[in-house]
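Accompanying notes for the structure given below.
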Amino acid sequence: MIQFVAAQSGLQGILFARSQPKATKILSTLLLVVAVTVYFASGERNQPDTGLGLDANIQAFWFAMSAAAAAGTTLVFTSIINHGWGKNHGWSNDLAEAPPLGLTWLSQTTYFHAIRARTAWKRRLPVDGAGD
Amino acid sequence: MGQLDHLIVIWLNGFAGNSRLVDFFMEALVSDYLSPVLSSLVLLGLWFKGSSDVERYQNQLVTLTGAIAIGLSNAMVMMVNGLMFRERPFVNHDISLHFYAPTDSSFPANSACVGFAIATAVFLRHRRLGSALYVLAAIWGLARVYAGVHYPSDILAGAVIGVIGALLAAGTVRVLAFIPRYVFNAFRTIYIA
């Protein structure tokens, strides 16, 4: 889902296949369909939450954990894959203004480069007094 | 109303067991996992969706509204459950059960409540996507009646509670907008919002 939306929203810095946004959308849709089909075809999935099933609260907890893990994995691996491309993000520590904020900047760079730029700017902040 | 409820359950459940393919799809649709996971994936996707900061911020508010809506509507279902208990259709009628046998109250349907809560939260900003989620929630409810675990009025009541929960959540987010704005701005400094 993250890959599908990132491809749709032009967040190239968090795409595994940056130059193939269309293929990313098709592949991510296929993966979702295959995952659901395999899950339901491979065993009895309607289990009571008093037995082998999960109750709604536990389900919500594991969904949140899985989503965070998926986002974290995406940010780390796409930062490595797109490292070279992400260097040319247009912001330099020599500039007076702060690096851009938010996910939107990940359309021009990777997560690691964005964090690195932000950290570099923060470190410089007390010296020359630049602010947001 | 009660008589109509019984008739619809018996009629819909009469289709169960006639086709293995239909039963497979219905057993997937009726599941505790398919519809809520798909709806939640939409909320997750909305967190990242947008071509500008403003658009993405609005979508992230939808994600937040959806999460609050689930909590609020579930709390309302728990309150109703504390006031009344209704037996499941498979307890009262000679029908084939295509699900595990739940022991909690049939009324109102928690599944419909969650499905319609998420759909409404999304619909308030994205009409087409929200409509698709309404269809998914309605199919989930229909599958529950087909499987013999809910009466149609359980689904209807759950849907109404879900919609109310989502409207309350949207109102809360609007009134307390300074809180998500502050938190999301903090997230933006570490590039996760």
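Chain lettering (A, B, ...) mirrors the order of the structure tokens, residue numbering begins at 1 for each chain separately, and ligand numbering begins at 1 in order of display.
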Using only C-alpha atoms, what does the table of chain A residues within 7 Å of chain B look like, with each row giving the shortest atom pair and its distance in Å to one decimal, sorted by chain and ascending number, as JSON lines?
```
{"residue": "A:Met1", "atom": "CA", "partner": "B:Gly45", "partner_atom": "CA", "distance": 5.9}
{"residue": "A:Ile2", "atom": "CA", "partner": "B:Gly45", "partner_atom": "CA", "distance": 5.8}
{"residue": "A:Val5", "atom": "CA", "partner": "B:Lys49", "partner_atom": "CA", "distance": 5.7}
{"residue": "A:Ala6", "atom": "CA", "partner": "B:Phe48", "partner_atom": "CA", "distance": 6.6}
{"residue": "A:Ser9", "atom": "CA", "partner": "B:Ser51", "partner_atom": "CA", "distance": 5.4}
{"residue": "A:Phe40", "atom": "CA", "partner": "B:Ala28", "partner_atom": "CA", "distance": 6.3}
{"residue": "A:Asn46", "atom": "CA", "partner": "B:Ser31", "partner_atom": "CA", "distance": 5.8}
{"residue": "A:Gln47", "atom": "CA", "partner": "B:Tyr100", "partner_atom": "CA", "distance": 6.1}
{"residue": "A:Pro48", "atom": "CA", "partner": "B:Tyr100", "partner_atom": "CA", "distance": 5.9}
{"residue": "A:Leu101", "atom": "CA", "partner": "B:Arg188", "partner_atom": "CA", "distance": 5.6}
{"residue": "A:Gly102", "atom": "CA", "partner": "B:Arg188", "partner_atom": "CA", "distance": 4.0}
{"residue": "A:Leu103", "atom": "CA", "partner": "B:Tyr191", "partner_atom": "CA", "distance": 5.1}
{"residue": "A:Thr104", "atom": "CA", "partner": "B:Asp53", "partner_atom": "CA", "distance": 6.2}
{"residue": "A:Ile115", "atom": "CA", "partner": "B:Ile190", "partner_atom": "CA", "distance": 6.6}
```
Same residues, C-alpha atoms, output as a PDB file, in the first residue's frame:
```pdb
ATOM      1  CA  MET A   1       0.000   0.000   0.000  1.00  0.00           C
ATOM      2  CA  ILE A   2       2.830   2.405   0.880  1.00  0.00           C
ATOM      3  CA  VAL A   5       0.533   5.549  -2.780  1.00  0.00           C
ATOM      4  CA  ALA A   6       4.165   6.699  -2.970  1.00  0.00           C
ATOM      5  CA  SER A   9       2.020  10.808  -5.065  1.00  0.00           C
ATOM      6  CA  PHE A  40      -7.598 -17.378   2.923  1.00  0.00           C
ATOM      7  CA  ASN A  46     -12.347 -17.872  10.799  1.00  0.00           C
ATOM      8  CA  GLN A  47     -11.228 -18.580  14.340  1.00  0.00           C
ATOM      9  CA  PRO A  48     -12.953 -17.308  17.502  1.00  0.00           C
ATOM     10  CA  LEU A 101      10.050  19.812   6.055  1.00  0.00           C
ATOM     11  CA  GLY A 102       7.781  16.797   5.732  1.00  0.00           C
ATOM     12  CA  LEU A 103       7.227  13.805   3.496  1.00  0.00           C
ATOM     13  CA  THR A 104       6.907  16.022   0.399  1.00  0.00           C
ATOM     14  CA  ILE A 115      17.404  13.417   8.144  1.00  0.00           C
TER      15      ILE A 115
END
```
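Using only C-alpha atoms, the residues found no farther than 8 Å from Thr74 (chain A), other than those of its own chain fewer than 3 positions away, are Ile14, Leu15, Phe16, Ala70, Ala71, Phe77 and Thr78 of chain A.
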(request) Go through region 8-161 of chain B and collect every residue that DSSP, computed from the backbone, puts in alpha helix (DSSP H); the answer should be as a count of residues only. (result) 110
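Non-sequential neighbours of Arg174 (chain B) (distance at most 12 Å, separation of 4 or more positions within a chain, only C-alpha atoms) are Gln58, Leu61, Val62, Leu64, Thr65, Leu167, Leu168, Ala169, Ala170, Phe178, Ile179, Pro180 and Arg181 of chain B.
Between CA of Thr109 (chain A) and CA of Gly13 (chain A) lies a distance of 5.1 Å.
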